[in-house]
Structures are given as structure tokens and as C-alpha cells.
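The structure under discussion appears below in the form of C-alpha cells.
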Amino acid sequence: MISNRQLFLRHVAQTSGSSLQFEIERAEGIFFYSKSGKKYIDLVSGVSVSALGHGHPVVVSAVKEQAGRYMHTMVYGEFVQSPQVNYARWLVDRLPSSLDNVFFVNSGSEAIDGAMKLAKRYTGKGQFVAFKKAYHGGTHGALSILGDEKGRSGYLPLLPGIQHIRFNSEPDLKHIDEGVAAVIVEPIQAEAGIIEPEDDFLLRIRERCDQVGALLIMDEIQTGMGRTGKLFAFEHYSVVPDIICLAKSFGGGMPLGAFISSKEVMSKLTFDPPLGHITTFGGHPVSCAAGLAVQRVVEEDHLMAHAMQMEKRYRHGLQHPLIKSIRGRGLFLAVVLDEEVDVSRFISNAFENQMVIDQFLFSDNSFRIAPPLIITKEEVDDSVQRILATLNWGMK
């Protein structure tokens, strides 16, 4: 009899020639369970998606309740749907007053594409500045601003007028000139290996955008919704963007994204032409219900403060000659290994030690720690001991 794995390889489109091919029987809390009954610690959260872990009763209840009322009704923006309205109200109550208008979409890539269109429409300009080693998604617009030449090379020509500059390089900000519609930046670079801004770098970008009439777009797709210890990572740096992009944990395990700006800016999508951006399934009512349920738990259970406490626990516990440093905030961490360590081999060995760990796209010497925000002290300690044991298996 043909197996699920064989069917997966035969009929499900692949993204690489080396997928993990881990078949999950079920998931609960911070754990995955294999068909053979093995229990694996999830230290990735689906790349910062599953803030409350797997099968959280509040999320399951929200999904079931909304599905019982209605699911898809009409293309986005035509009907008043309470899950969208309630989530939008919750968001703008916690954002700066200039970010008061939410456009719901399906994913992070679509949020980025929508934000780029909005910036072009509002400014009347067509150039963008993005950053090297930045990842913003895989659609045509998002790929155009990918900060890796090799990753873009197979799909040329992409959008014109894109310039990539170095993160944390203030001299490079001179490339932000009057022809630029927007600068697109992650408040903390994710796939570069969790790189934080230095020396008020985000503030310098904000000032330069204001000088030349460019908008500032912040990609909070990985960093948003409490993962870094604040609801939005830009709050750490006292800089307010003109547009913010959200996805991943924003949907609480369901597909959901958004780009958020002021009502004045967002209104440009409503005329010349009307329907300037449109989506069939964006802001799906079940996704919005799930996402709002997650954020309420994150807030009410003080999981942002908990993330900061668990960060300290990881930093204290992960002491090993092969660990050179730990970067990041909250439960958004990069563990930097000795240059002699084969990180791909370490991740493979970690899986044998029943941990799901992930490597960054643009950082060869580090691995990601981004578990569900509900991880307990005991679970942190367990994962620390497994990481240390894996390093002791002879990783050089």
C-alpha cells in the first residue's frame, strides 16, 4: 500500500529537494506527536505562527463557534462581518493613532504586496529601498525586495526601481532620495539571524523618510503580536511607521495577514481606480475570530512578560563552548554557534533528539529558538538540556 510520504512526494508540490518529511499524527501544546508515538518539542512555532502552541482550547472554540455562524460570505470589503470589525477595533486601540485603518489579507506576502501598492498610490512614486538579508515573502512584489541576490536570480526580471542597502549602515541611508515611494524594513531582521537595529538606526530611517517624502513600511510579520516581549517590535525603538505589515501569529494558526495605515493613506485604494486592492478570502471570518482569540489570551495571560522571562532562562541555560552568543528579544532568538559547527547537521541531530529546530535563510552559523509563547519553565529547561546534549554529540 502506498504511504502518505510517498503520496506527499508524488502529488504535493515541493519547495526543495530536502524537506523534513516528518509525518505528524497530532499536535498539542508545544509538542508534535509522530505516528509511532514519539513526542517532539516545537521550537519553531511554524516560524513564529503558533503563539499559543497547538490545539489551544480557546482557539479551537473560536474556530468552531465562528464556523457555526458563517464562513466565507462575499469578497473582502463588501459585507460588515463582526470578526473583522472586532479584530480591527482591538488592533487600532493598541496602535499609535496614525495607524487606524486595517486592510485584511491572507498572508504576509500579500500584506507586503498590498503595502507596496499603497505606497506607490499615495506618493505617486515607484522606487523602493529595502535591505540586504531581508526576507518579505515569495510573491512577485515581495520577491523583488528580497535581500538576497541568489534568491531573486531565478525569477528575473522583477520589479524595477528596487535598491538594497545594508542594515545598520547609516551611510547607506543616502540612497533614500526623493524618488523613493517607501523604505521597507523589519524592525529586527529575522532571516539574517535576528539582527537588531543599532544606534537609533530605525530613527535615522524615519528621519530620512520624512526629509524626502517617502513612507516607512515596517514588516512585523515575524516580530509582531508579542513575540519580542512587546505587541509590536517597533515599540522597543520608539519609531512609528506609516504602514505596518502583519501575518503569521496574527492569525493564531489560521491564514491571515494585514497591512495597516492611516485612513487618509488607505483611502487612496478606493478611487482612480476603485478596488485598488482586493482579495476574495482576505480577512476570512474564521481566521479573524481565531486571531483575535489568540491575542486576547496573549494579553490576558501576560505572555509578553512571560516571553521576556523565558528569554532570560534560555540565556542562562545555554552555556556551552560551541555557543558563541545569543541574539534577539523575548522568544525570538538566534543561537550563534562556533564557526566549525555544521548547523545543518546539528539541526538533523536535534531532530533525532526529538526537537524541531530551524535554520535561518541568511545566517549559516545560527539556529532559531521561537517556541510557542506558552512554553513553561520546565519545558524551556528540557529543551535547553536537549540542545546541550546534541552539541555534545560531537558537532565539529
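Residues in the C-alpha cells are named by chain (A, B, ... in the order shown) and by number from 1 within that chain; ligands are numbered from 1 in the order shown.
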
Extract, using only C-alpha atoms, all DNA, RNA and protein residues at most 9 Å from Leu361 of chain A, discarding same-chain residues fewer than 5 positions from it, and format them as JSON, numbers by chain. {"A": [133, 135, 190, 191, 192, 193]}

Could you pull out the alpha helix (DSSP H) residues of segment 108-216 of chain A from DSSP and send them as a ChimeraX atom specification? /A:108-123,140-144,149-153,201-212

Enumerate as a count of residues only all residues of segment 44-225 of chain A assigned to strand (DSSP E) by DSSP on the backbone, naming them with the chain letters and numbers the document uses. 25

Using only C-alpha atoms, can you tell me which of A:Ser18, A:Thr279, A:Gln295, A:Ser383 comes closest to Gly251 of chain A?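 Ranked by minimum distance to Gly251 of chain A, first place goes to A:Gln295.
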
Residues within 9 Å of segment 161-176 of chain A, please, as number ranges by chain. Count only C-alpha atoms; anything in the same chain fewer than 3 positions from it doesn't count. A: 126-134, 144-147, 179-180, 182-183, 185, 189, 195-199, 201-202, 204-205, 208-209, 212, 214

Selected residues written out with N, CA and C atoms, as an mmCIF file, in the first residue's frame:
data_model
loop_
_atom_site.group_PDB
_atom_site.id
_atom_site.type_symbol
_atom_site.label_atom_id
_atom_site.label_comp_id
_atom_site.auth_asym_id
_atom_site.auth_seq_id
_atom_site.Cartn_x
_atom_site.Cartn_y
_atom_site.Cartn_z
ATOM 1 N N GLY A 126 7.606 55.413 -7.631
ATOM 2 C CA GLY A 126 7.656 53.985 -7.903
ATOM 3 C C GLY A 126 8.894 53.255 -7.423
ATOM 4 N N GLN A 127 9.800 53.945 -6.723
ATOM 5 C CA GLN A 127 11.024 53.285 -6.284
ATOM 6 C C GLN A 127 10.913 52.855 -4.815
ATOM 7 N N PHE A 128 11.667 51.799 -4.461
ATOM 8 C CA PHE A 128 11.672 51.304 -3.086
ATOM 9 C C PHE A 128 13.100 51.042 -2.630
ATOM 10 N N VAL A 129 13.308 51.231 -1.354
ATOM 11 C CA VAL A 129 14.567 50.846 -0.720
ATOM 12 C C VAL A 129 14.272 49.737 0.275
ATOM 13 N N ALA A 130 15.012 48.641 0.164
ATOM 14 C CA ALA A 130 14.893 47.514 1.086
ATOM 15 C C ALA A 130 16.298 47.163 1.570
ATOM 16 N N PHE A 131 16.408 46.084 2.316
ATOM 17 C CA PHE A 131 17.674 45.804 2.989
ATOM 18 C C PHE A 131 18.235 44.433 2.623
ATOM 19 N N LYS A 132 19.521 44.365 2.566
ATOM 20 C CA LYS A 132 20.193 43.107 2.304
ATOM 21 C C LYS A 132 19.916 42.126 3.438
ATOM 22 N N LYS A 133 19.786 40.854 3.079
ATOM 23 C CA LYS A 133 19.495 39.753 4.001
ATOM 24 C C LYS A 133 18.106 39.860 4.627
ATOM 25 N N ALA A 134 17.226 40.608 3.981
ATOM 26 C CA ALA A 134 15.835 40.691 4.452
ATOM 27 C C ALA A 134 14.967 39.739 3.645
ATOM 28 N N SER A 144 10.765 40.810 -5.156
ATOM 29 C CA SER A 144 11.552 41.910 -5.714
ATOM 30 C C SER A 144 12.355 42.638 -4.645
ATOM 31 N N ILE A 145 11.876 42.631 -3.408
ATOM 32 C CA ILE A 145 12.598 43.318 -2.336
ATOM 33 C C ILE A 145 13.379 42.341 -1.460
ATOM 34 N N LEU A 146 13.403 41.063 -1.838
ATOM 35 C CA LEU A 146 14.204 40.086 -1.117
ATOM 36 C C LEU A 146 15.655 40.534 -1.084
ATOM 37 N N GLY A 147 16.265 40.486 0.099
ATOM 38 C CA GLY A 147 17.624 40.990 0.239
ATOM 39 C C GLY A 147 18.700 39.969 -0.029
ATOM 40 N N GLY A 179 12.965 60.145 -5.077
ATOM 41 C CA GLY A 179 12.256 59.240 -5.978
ATOM 42 C C GLY A 179 11.702 57.996 -5.294
ATOM 43 N N VAL A 180 11.963 57.859 -4.005
ATOM 44 C CA VAL A 180 11.584 56.644 -3.279
ATOM 45 C C VAL A 180 10.169 56.768 -2.718
ATOM 46 N N ALA A 182 8.817 54.306 -0.738
ATOM 47 C CA ALA A 182 8.834 53.784 0.628
ATOM 48 C C ALA A 182 10.120 53.024 0.906
ATOM 49 N N VAL A 183 10.475 53.005 2.160
ATOM 50 C CA VAL A 183 11.524 52.134 2.679
ATOM 51 C C VAL A 183 10.825 50.995 3.418
ATOM 52 N N VAL A 185 11.362 47.810 5.915
ATOM 53 C CA VAL A 185 12.355 47.305 6.847
ATOM 54 C C VAL A 185 11.699 46.456 7.923
ATOM 55 N N GLN A 189 15.781 42.229 11.982
ATOM 56 C CA GLN A 189 15.919 41.351 10.827
ATOM 57 C C GLN A 189 15.828 39.891 11.268
ATOM 58 N N ILE A 195 18.878 40.084 13.777
ATOM 59 C CA ILE A 195 19.782 41.235 13.867
ATOM 60 C C ILE A 195 18.982 42.459 14.297
ATOM 61 N N GLU A 196 19.337 43.015 15.440
ATOM 62 C CA GLU A 196 18.643 44.198 15.942
ATOM 63 C C GLU A 196 19.250 45.482 15.372
ATOM 64 N N PRO A 197 18.441 46.547 15.293
ATOM 65 C CA PRO A 197 18.983 47.842 14.865
ATOM 66 C C PRO A 197 19.914 48.418 15.928
ATOM 67 N N GLU A 198 20.947 49.106 15.472
ATOM 68 C CA GLU A 198 21.941 49.692 16.375
ATOM 69 C C GLU A 198 21.919 51.211 16.277
ATOM 70 N N ASP A 199 22.247 51.849 17.385
ATOM 71 C CA ASP A 199 22.497 53.298 17.400
ATOM 72 C C ASP A 199 21.368 54.100 16.764
ATOM 73 N N PHE A 201 19.209 53.316 14.607
ATOM 74 C CA PHE A 201 19.163 53.167 13.155
ATOM 75 C C PHE A 201 17.752 53.342 12.607
ATOM 76 N N LEU A 202 16.747 52.779 13.284
ATOM 77 C CA LEU A 202 15.371 52.938 12.806
ATOM 78 C C LEU A 202 14.933 54.399 12.862
ATOM 79 N N ARG A 204 16.902 56.953 12.458
ATOM 80 C CA ARG A 204 17.570 57.621 11.326
ATOM 81 C C ARG A 204 16.805 57.355 10.024
ATOM 82 N N ILE A 205 16.280 56.124 9.868
ATOM 83 C CA ILE A 205 15.476 55.828 8.678
ATOM 84 C C ILE A 205 14.219 56.685 8.674
ATOM 85 N N ARG A 208 15.030 60.215 7.676
ATOM 86 C CA ARG A 208 15.355 60.331 6.251
ATOM 87 C C ARG A 208 14.097 60.227 5.395
ATOM 88 N N CYS A 209 13.185 59.318 5.757
ATOM 89 C CA CYS A 209 11.919 59.215 5.027
ATOM 90 C C CYS A 209 11.146 60.532 5.087
ATOM 91 N N VAL A 212 12.568 63.234 2.673
ATOM 92 C CA VAL A 212 12.414 63.091 1.222
ATOM 93 C C VAL A 212 10.982 62.749 0.809
ATOM 94 N N ALA A 214 9.179 60.006 1.678
ATOM 95 C CA ALA A 214 8.956 58.565 1.494
ATOM 96 C C ALA A 214 8.189 58.013 2.687
#

Which residues come within 12 Å of Phe232 of chain A, counting only C-alpha atoms, excluding same-chain residues fewer than 4 positions away, as a PyMOL selection string? chain A and resi 91+94-96+186-188+218-228+236-241+244-246+249-250+304+329-330

Selected residues, C-alpha atoms, written as an mmCIF file, in the first residue's frame, please.
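Saved result, result.cif, follows:
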data_model
loop_
_atom_site.group_PDB
_atom_site.id
_atom_site.type_symbol
_atom_site.label_atom_id
_atom_site.label_comp_id
_atom_site.auth_asym_id
_atom_site.auth_seq_id
_atom_site.Cartn_x
_atom_site.Cartn_y
_atom_site.Cartn_z
ATOM 1 C CA LEU A 91 -5.736 46.400 16.904
ATOM 2 C CA ARG A 94 -3.290 49.267 20.749
ATOM 3 C CA LEU A 95 -1.518 51.019 17.893
ATOM 4 C CA PRO A 96 -0.396 54.634 17.540
ATOM 5 C CA GLU A 186 12.000 44.677 9.551
ATOM 6 C CA PRO A 187 12.375 46.283 12.997
ATOM 7 C CA ILE A 188 14.505 43.221 13.805
ATOM 8 C CA MET A 218 7.658 48.004 8.783
ATOM 9 C CA ASP A 219 7.441 44.276 8.254
ATOM 10 C CA GLU A 220 6.269 42.859 11.609
ATOM 11 C CA ILE A 221 5.214 39.539 10.108
ATOM 12 C CA GLN A 222 7.578 37.523 12.313
ATOM 13 C CA THR A 223 8.175 40.013 15.117
ATOM 14 C CA GLY A 224 4.620 41.174 15.784
ATOM 15 C CA MET A 225 1.934 40.065 18.231
ATOM 16 C CA GLY A 226 4.043 39.765 21.372
ATOM 17 C CA ARG A 227 6.927 37.525 20.339
ATOM 18 C CA THR A 228 9.645 40.027 21.287
ATOM 19 C CA HIS A 236 11.186 48.815 21.520
ATOM 20 C CA TYR A 237 12.716 51.579 19.408
ATOM 21 C CA SER A 238 10.185 54.445 19.746
ATOM 22 C CA VAL A 239 9.695 54.743 15.980
ATOM 23 C CA VAL A 240 6.244 54.787 14.364
ATOM 24 C CA PRO A 241 5.913 53.530 10.765
ATOM 25 C CA ILE A 244 2.791 48.061 9.258
ATOM 26 C CA CYS A 245 2.508 44.535 7.827
ATOM 27 C CA LEU A 246 1.282 41.609 9.929
ATOM 28 C CA SER A 249 0.801 34.637 14.643
ATOM 29 C CA PHE A 250 -1.641 37.399 13.695
ATOM 30 C CA MET A 304 4.663 39.039 26.547
ATOM 31 C CA ARG A 329 14.457 39.592 22.319
ATOM 32 C CA GLY A 330 11.779 37.592 24.067
#

When you look at Gly282 of chain A with a cut-off of 10 Å (counting only C-alpha atoms), what residues show up, excluding the ones that are within fewer than 5 positions of it in the same chain? I need them as number ranges by chain. A: 72, 75-77, 84, 103-107, 110-111, 255-258, 287-288

Could you write out that same residue set with C-alpha atoms as a PDB file, in the first residue's frame?
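Produced file again.pdb, reproduced below:
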ATOM      1  CA  HIS A  72     -16.933  32.967   3.600  1.00  0.00           C
ATOM      2  CA  VAL A  75     -15.325  39.189  -1.370  1.00  0.00           C
ATOM      3  CA  TYR A  76     -13.469  41.295   1.172  1.00  0.00           C
ATOM      4  CA  GLY A  77     -14.799  44.765   1.893  1.00  0.00           C
ATOM      5  CA  GLN A  84     -13.149  41.646  11.062  1.00  0.00           C
ATOM      6  CA  PHE A 103      -6.770  46.023   5.323  1.00  0.00           C
ATOM      7  CA  PHE A 104      -7.122  42.288   5.985  1.00  0.00           C
ATOM      8  CA  VAL A 105      -5.456  39.866   3.590  1.00  0.00           C
ATOM      9  CA  ASN A 106      -4.461  36.184   3.577  1.00  0.00           C
ATOM     10  CA  SER A 107      -0.728  36.103   4.237  1.00  0.00           C
ATOM     11  CA  GLU A 110       0.089  39.639   0.287  1.00  0.00           C
ATOM     12  CA  ALA A 111       0.412  42.175   3.102  1.00  0.00           C
ATOM     13  CA  PRO A 255      -4.188  32.016   7.398  1.00  0.00           C
ATOM     14  CA  LEU A 256      -4.430  35.772   7.930  1.00  0.00           C
ATOM     15  CA  GLY A 257      -2.439  38.902   7.214  1.00  0.00           C
ATOM     16  CA  ALA A 258      -2.959  42.650   7.195  1.00  0.00           C
ATOM     17  CA  SER A 287      -9.278  33.392  10.693  1.00  0.00           C
ATOM     18  CA  CYS A 288     -10.173  36.740  12.255  1.00  0.00           C
TER      19      CYS A 288
END

Close residues, Ile347 of chain A itself excluded, 9 Å, only C-alpha atoms, min 6 positions apart in chain, as number ranges by chain: A: 355-359, 367, 390

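Counting only C-alpha atoms and comparing A:Phe234, A:Ala142, A:Ala13, A:Ile369, the residue that lies closest to Asp200 of chain A is A:Phe234.
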
Using only C-alpha atoms, the residue out of A:Ser348, A:Ser82, A:Asn353, A:Ser97 with shortest distance to Ser261 of chain A is A:Ser97

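Nearest to Val92 of chain A of all the residues A:Lys125, A:Glu311, A:Gly154, A:Ser262 is A:Ser262, based on only C-alpha atoms.
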
Skip Ile243 of chain A itself and residues of its chain fewer than 3 positions away, then list as a list in words all residues within 10 Å of it, counting only C-alpha atoms. Ser98, Leu99, Asn101, Val102, Ile112, Ala115, Met116, Leu118, Ala119, Ala182, Ile184, Leu215, Leu216, Ile217, Met218, Asp219, Val240, Phe259, Ile260, Ser261, Ser262, Val265 and Met266 of chain A
